[in-house]
Each structure stands twice: as C-alpha cells, then as structure tokens.
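Accompanying notes for the structure given below.
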Amino acid sequence: MDDHLLANDFLEEPWWWHAAPRPAQSSVDNFPDSADVVVVGSGFTGLSAALTLARAGREVVVLDAQAPGYGASSRNAGFVGRTLKHSFGALLQAYGLDYATQVYRELDAAFDLVFELVSRENINCYLTRCGRFMGALTGAQRMLMTDELELRHKHLGHPFQMISESEQSEEIGAGRYVGGALIPDLGSIHPGLYHLGLLNAARSASARIIGYTPVTAVRSDGAEFQVDTPRGVLTARDVIVATNGYTNRGVPWLQRRVIPFHGYMIATDVLSEDVITQILPNNRTFHDYNNNLVYIRQAPDQPRLLMGAYTGGPVDRLSTKAEKLKRRLDVIFPELSEVKISRIWSGQCAGTFDLWPHVGMHNGVHYALGYCFAGLPMGTYLGDKAAKQVLGLPEAKTVFADRAFRSHPLYTGNPWFLPLVMRWHDRQDAAYS
C-alpha cells in the first residue's frame with residue numbers, strides 16, 4: 001500500500017481497541033479441573049451465556065483460544081438493528097403471517113436485549129438510537145426497499161420513512177444514490193467497550209474467563225463432558241459452543257455447519273467537523289441495498305469515518321484490502337480522495353447454508369452460532385437462550401432452535417466456494433442496476 005495513504009498513527013488493528021484494548025494475558029496458576037458449565041468462546045455469545053448462567057448460580061468457566069474478545073466481537077461494525085438474511089416478505093410468502101411475525105418479533109427481542117443489558121449492567125459504550133439510512137443505487141432497489149418496509153410497518157409497526165433523491169443530502173453527502181429509506185429507531189454502539197462491559201459483568205457474577213486456552217476436543221462419557229485444552233482437561237456437566245466464525249476441529253459436527261468468512265473495515269484519519277457533518281449530517285449508520293453491501297458510520301469517540309465491506313477474492317494482506325476499501329470509499333465520497341487511512345482490520349464472521357442463525361444441542365453439546373451478518377444483537381440474544389436451555393427454563397424457547405442445522409456432503413469446513421457465491425451476489429446486484 002502506498003505510504004501516502006497511511007496516517008501517522010496507522011495500525012493493522014481494530015479502531016475499537018484504541019478505547020477498549022484487549023485484556024492482557026493473565027497467569028492461571030490453578031487451572032480448574034471441573035465446572036458446572038464450560039463455555040467455548042468469549043465473544044458476545046459466550047459472555048451473554050456466561051452472565052445468565054452465573055447469575056443463576058452455576059459455576060461457569062469460559063475458554064478462548066486468544067485474548068477474551070479478540071475475535072469478531074471486538075472487530076464488529078457496531079450496528080444495532082433487526083437483521084436477518086430472510087426478508088419479512090419472503091417469510092410471509094413461504095410460511096405465512098404467523099411464522100413471519102414470530103421470527104421478526106424475536107429480532108425485536110434481540111435488539112431490545114442489547115439496550116436492556118447496557119442499561120442494567122451500566123456499560124458505557126456509546127449505545128444510541130441514531131437511526132439508519134439505507135441507500136438505493138437504482139430505482140428497482142428503491143421499490144424493493146419500499147415494498148419490504150411497508151410490510152414490516154403494516155404487520156409489525158416498525159417505523160420508516162422513504163427519502164427521495166432530492167432529499168437524500170439531508171442524510172448522506174453522496175450523489176450516487178437515488179434516495180433510500182430511513183429507519184429512525186435503529187442503533188449504534190462501540191462494540192469494543194460493549195464487549196468489555198459484558199466481560200466485567202460476567203466476572204462480577206463469578207464466571208471465570210480464561211484466555212489463550214484453545215479447546216482441542218469435547219468428549220462425553222455419557223454422564224459428563226471432558227473438555228480438552230493444552231492446559232489440562234476440564235470436566236463439565238454442560239458445554240456451550242459459542243465460537244461462530246472461529247469454530248474448529250475441536251467440534252467437527254459444528255465446523256461442518258458454519259461457513260467462516262472475513263469482513264474488513266478501515267478507519268480514516270481525523271476529519272474536520274465540517275467534512276464529517278457533510279458526509280453523514282445526522283450521524284446515522286449507513287449501508288447500501290446491495291447483497292454485497294458497503295456499510296459506513298462515524299466513530300463514536302472521534303471525528304473519523306469507519307467503512308466496511310466484503311472485498312472478494314482470497315484472504316490478502318491487510319494492506320491490500322485497505323487499498324481496495326479506500327478505492328470504494330473514494331467512489332462514494334470523492335472529496336475524501338486525499339484523506340489517509342488510520343486503521344485496517346478484519347474479523348472472521350460466519351454464515352450457514354440456510355442463512356439462518358442457529359441455537360440448539362447436538363449429542364448433548366449446546367451451541368449458538370451462524371449469525372449471517374447479525375452477530376451483535378443475535379449473538380447476545382442467542383447466548384442468553386443457550387444458557388436458558390442449559391438451565392431448563394421455559395424462556396429458552398426460540399424459533400431459531402426449531403430449524404434443522406444442515407451441512408453439505410462436500411463441505412468439511414473449508415469455504416472454498418465463497419468467491420463463487422460473492423460473484424453470484426454481484427450478478428444479482430447488477431440485475432437491479
């Protein structure tokens with residue numbers, strides 16, 4: 001990457017770590033040999049589950065292969081919404097109104113849980129209902145957007161406002177869109193601070209969170225589980241796997257059901273207040289309406305712009321991805337062509353073959369993963385549901401536990417087909433151009 005594109009403070013790490021650095025490695029002189037519940041993964045899902053379990057009186061140990069929250073949770077874009085890869089209209093047509101409503105009411109519940117947790121645990125993480133603007137690149141996209149949002153408003157009461165092309169300068173300082181839609185009640189958050197808040201809450205509830213301890217196998221003798229790690233074997237009554245895009249051979253059945261992929265983000269150098277106000281006048285989150293979308297927001301703690309996208313192709317060096325993202329940013333905002341890049345980072349997310357998040361149990365092992373671009377609200381929510389399943393509570397019931405978690409006979413955990421899938425999405429996007 002050309003040096004002239006790099007700011008003086010350039011780092012290949014998430015912007016979020018500036019205010020929320022990852023916890024340092026701590027020694028574990030008395031590594032536990034047993035627990036009521038072992039949670040594998042210390043992201044939003046694992047910590048949400050641990051907090052619920054510990055508050056219910058269970059002895060909980062959370063294990064992570066890296067520093068707590070080192071993975072996608074502290075690399076997230078920090079959008080808080082009601083996101084699902086299946087539209088309300090598609091569910092309505094395929095399954096009927098009752099089922100579509102049930103699914104989307106749970107998206108509401110996941111959204112609300114984030115706000116409830118932040119308030120209840122007093123987490124300072126810039127959580128706000130800033131609203132979201134979705135930009136249409138074509139008239140056809142705008143019609144699809146309108147049809148979907150009208151259905152949601154009619155059956156769910158979700159507010160929205162269609163923005164014309166002549167009005168969009170009030171929402172975004174880019175002329176390449178033909179209007180779009182404003183969802184006024186969606187939110188944004190500092191995901192690094194949110195994660196550290198959940199971490200502190202779980203520890204305060206007496207959960208043990210141990211980093212730098214990869215799980216290499218989960219075995220059962222029929223009565224209890226043995227969790228293998230390089231530090232020793234833990235015996236547990238229950239196990240929850242909450243590893244999402246980092247699911248590995250330690251749990252092969254789950255590894256064959258999640259499709260890991262890298263998302264990439266950049267942060268610009270500090271911008272003047274005039275420039276950043278021109279670009280996002282109301283400080284809302286933004287994304288376009290493509291399948292292969294671009295998403296943009298302001299940093300909550302400094303006047304910088306954060307932008308992310310899937311850039312396609314193999315996992316290149318971060319500097320190569322930074323150049324690609326900067327070129328896309330310059331197309332949207334040509335006035336930023338001389339602005340330098342301060343951060344570039346990636347996080348490993350996960351999709352599923354049916355594009356649904358999943359929570360459930362296989363051979364006695366509980367799991368919650370496969371969020372398909374909705375890891376912050378859905379990870380928090382399904383982590384709580386998985387914990388309630390362990391506790392045997394009626395509140396554990398969720399529509400996301402009712403679907404079969406399928407794989408493909410030719411898939412072993414290596415997502416070799418992802419570039420083909422993204423090219424197919426690009427062709428779909430082109431059909432509406």
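Residues are referred to by chain and number: the chain letter is A, B, ... according to the order shown in the structure tokens, the number counts from 1 in that chain, and ligands are numbered separately from 1 in the order shown.
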Which of stretch 241-430 of chain A fall in helix (DSSP H, G or I), as a PyMOL selection string:
chain A and resi 244-246+252-255+273-279+318-332+334-336+375-391+394-396+399-401+418-430
Please, which residues in stretch 340-369 of chain A fall within 7 Å of stretch 228-241 of chain A when counting only C-alpha atoms, and what is the closest atom pair and distance in Å to one decimal for each, ordered by chain then residue number, as CSV?
```
residue,atom,partner,partner_atom,distance
A:Val365,CA,A:Val239,CA,5.4
A:His366,CA,A:Ile240,CA,4.5
A:Tyr367,CA,A:Val241,CA,4.6
A:Ala368,CA,A:Val241,CA,6.6
```
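Computed from the coordinates, the atom CA of A:Glu224 to atom CA of A:Ala404 distance equals 24.9 Å.
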Need the shell around A:Val218: protein/DNA/RNA residues with any atom at most 7 Å away, counting only C-alpha atoms. Skip same-chain ones fewer than 4 positions apart. Format as a PDB file with N, CA, C and O atoms, in the first residue's frame?
```
ATOM      1  N   PHE A 225     -19.008 -34.240  30.435  1.00  0.00           N
ATOM      2  CA  PHE A 225     -18.131 -33.916  29.307  1.00  0.00           C
ATOM      3  C   PHE A 225     -16.704 -33.691  29.793  1.00  0.00           C
ATOM      4  O   PHE A 225     -16.482 -33.176  30.897  1.00  0.00           O
ATOM      5  N   GLN A 226     -15.767 -34.065  28.932  1.00  0.00           N
ATOM      6  CA  GLN A 226     -14.370 -33.731  29.139  1.00  0.00           C
ATOM      7  C   GLN A 226     -13.968 -32.741  28.035  1.00  0.00           C
ATOM      8  O   GLN A 226     -14.126 -33.044  26.844  1.00  0.00           O
ATOM      9  N   VAL A 227     -13.465 -31.590  28.441  1.00  0.00           N
ATOM     10  CA  VAL A 227     -13.075 -30.536  27.522  1.00  0.00           C
ATOM     11  C   VAL A 227     -11.546 -30.492  27.510  1.00  0.00           C
ATOM     12  O   VAL A 227     -10.916 -30.143  28.510  1.00  0.00           O
ATOM     13  N   ASP A 228     -10.958 -30.875  26.381  1.00  0.00           N
ATOM     14  CA  ASP A 228      -9.502 -30.958  26.271  1.00  0.00           C
ATOM     15  C   ASP A 228      -8.905 -29.606  25.900  1.00  0.00           C
ATOM     16  O   ASP A 228      -9.387 -28.930  24.971  1.00  0.00           O
ATOM     17  N   GLY A 250     -12.103 -28.982  16.923  1.00  0.00           N
ATOM     18  CA  GLY A 250     -12.460 -29.456  18.252  1.00  0.00           C
ATOM     19  C   GLY A 250     -13.913 -29.853  18.361  1.00  0.00           C
ATOM     20  O   GLY A 250     -14.278 -30.670  19.231  1.00  0.00           O
ATOM     21  N   VAL A 251     -14.746 -29.288  17.492  1.00  0.00           N
ATOM     22  CA  VAL A 251     -16.182 -29.635  17.439  1.00  0.00           C
ATOM     23  C   VAL A 251     -16.543 -29.870  15.966  1.00  0.00           C
ATOM     24  O   VAL A 251     -17.160 -29.015  15.323  1.00  0.00           O
TER      25      VAL A 251
END
```
What are the DSSP strand (DSSP E) residues of stretch 350-407 of chain A, as number ranges by chain?
A: 350-351, 358-362, 365-369
Pull N, CA and C atoms from the residues just selected and write them as a compact mmCIF listing (two decimals), in the first residue's frame.
```txt
# COMPACT_ATOMS: atom_id res chain seq x y z
N ALA A 350 -19.41 -15.68 10.36
CA ALA A 350 -19.86 -17.00 9.89
C ALA A 350 -21.28 -16.92 9.37
N GLY A 351 -21.49 -17.59 8.24
CA GLY A 351 -22.82 -17.81 7.72
C GLY A 351 -23.20 -19.28 7.87
N HIS A 358 -28.46 -20.23 14.31
CA HIS A 358 -28.92 -21.48 14.92
C HIS A 358 -28.51 -21.54 16.38
N VAL A 359 -29.42 -22.07 17.20
CA VAL A 359 -29.15 -22.38 18.59
C VAL A 359 -29.79 -23.73 18.87
N GLY A 360 -29.11 -24.56 19.64
CA GLY A 360 -29.67 -25.88 19.89
C GLY A 360 -28.68 -26.77 20.63
N MET A 361 -28.83 -28.09 20.41
CA MET A 361 -27.99 -29.05 21.09
C MET A 361 -27.75 -30.24 20.17
N HIS A 362 -26.51 -30.74 20.14
CA HIS A 362 -26.16 -31.94 19.37
C HIS A 362 -25.32 -32.84 20.26
N VAL A 365 -24.22 -31.39 23.49
CA VAL A 365 -23.46 -30.14 23.49
C VAL A 365 -24.35 -29.02 22.97
N HIS A 366 -24.49 -27.97 23.75
CA HIS A 366 -25.28 -26.81 23.34
C HIS A 366 -24.44 -25.91 22.43
N TYR A 367 -25.12 -25.17 21.57
CA TYR A 367 -24.41 -24.26 20.66
C TYR A 367 -25.30 -23.08 20.31
N ALA A 368 -24.65 -21.98 19.93
CA ALA A 368 -25.33 -20.81 19.37
C ALA A 368 -24.32 -20.13 18.45
N LEU A 369 -24.65 -20.06 17.15
CA LEU A 369 -23.68 -19.53 16.17
C LEU A 369 -24.32 -19.44 14.79
```
Could you build a table of the residues in stretch 240-355 of chain A lying no more than 10 Å from stretch 35-45 of chain A, giving for each the nearest pair of atoms and their separation in Å rounded to one decimal place, using only C-alpha atoms, ordered by chain and ascending residue number, as CSV?
```
residue,atom,partner,partner_atom,distance
A:Ile240,CA,A:Val39,CA,4.8
A:Val241,CA,A:Val40,CA,4.8
A:Ala242,CA,A:Gly41,CA,5.0
A:Thr243,CA,A:Gly41,CA,4.9
A:Asn244,CA,A:Gly41,CA,8.4
A:Tyr246,CA,A:Gly41,CA,8.6
A:Thr247,CA,A:Gly41,CA,9.0
```
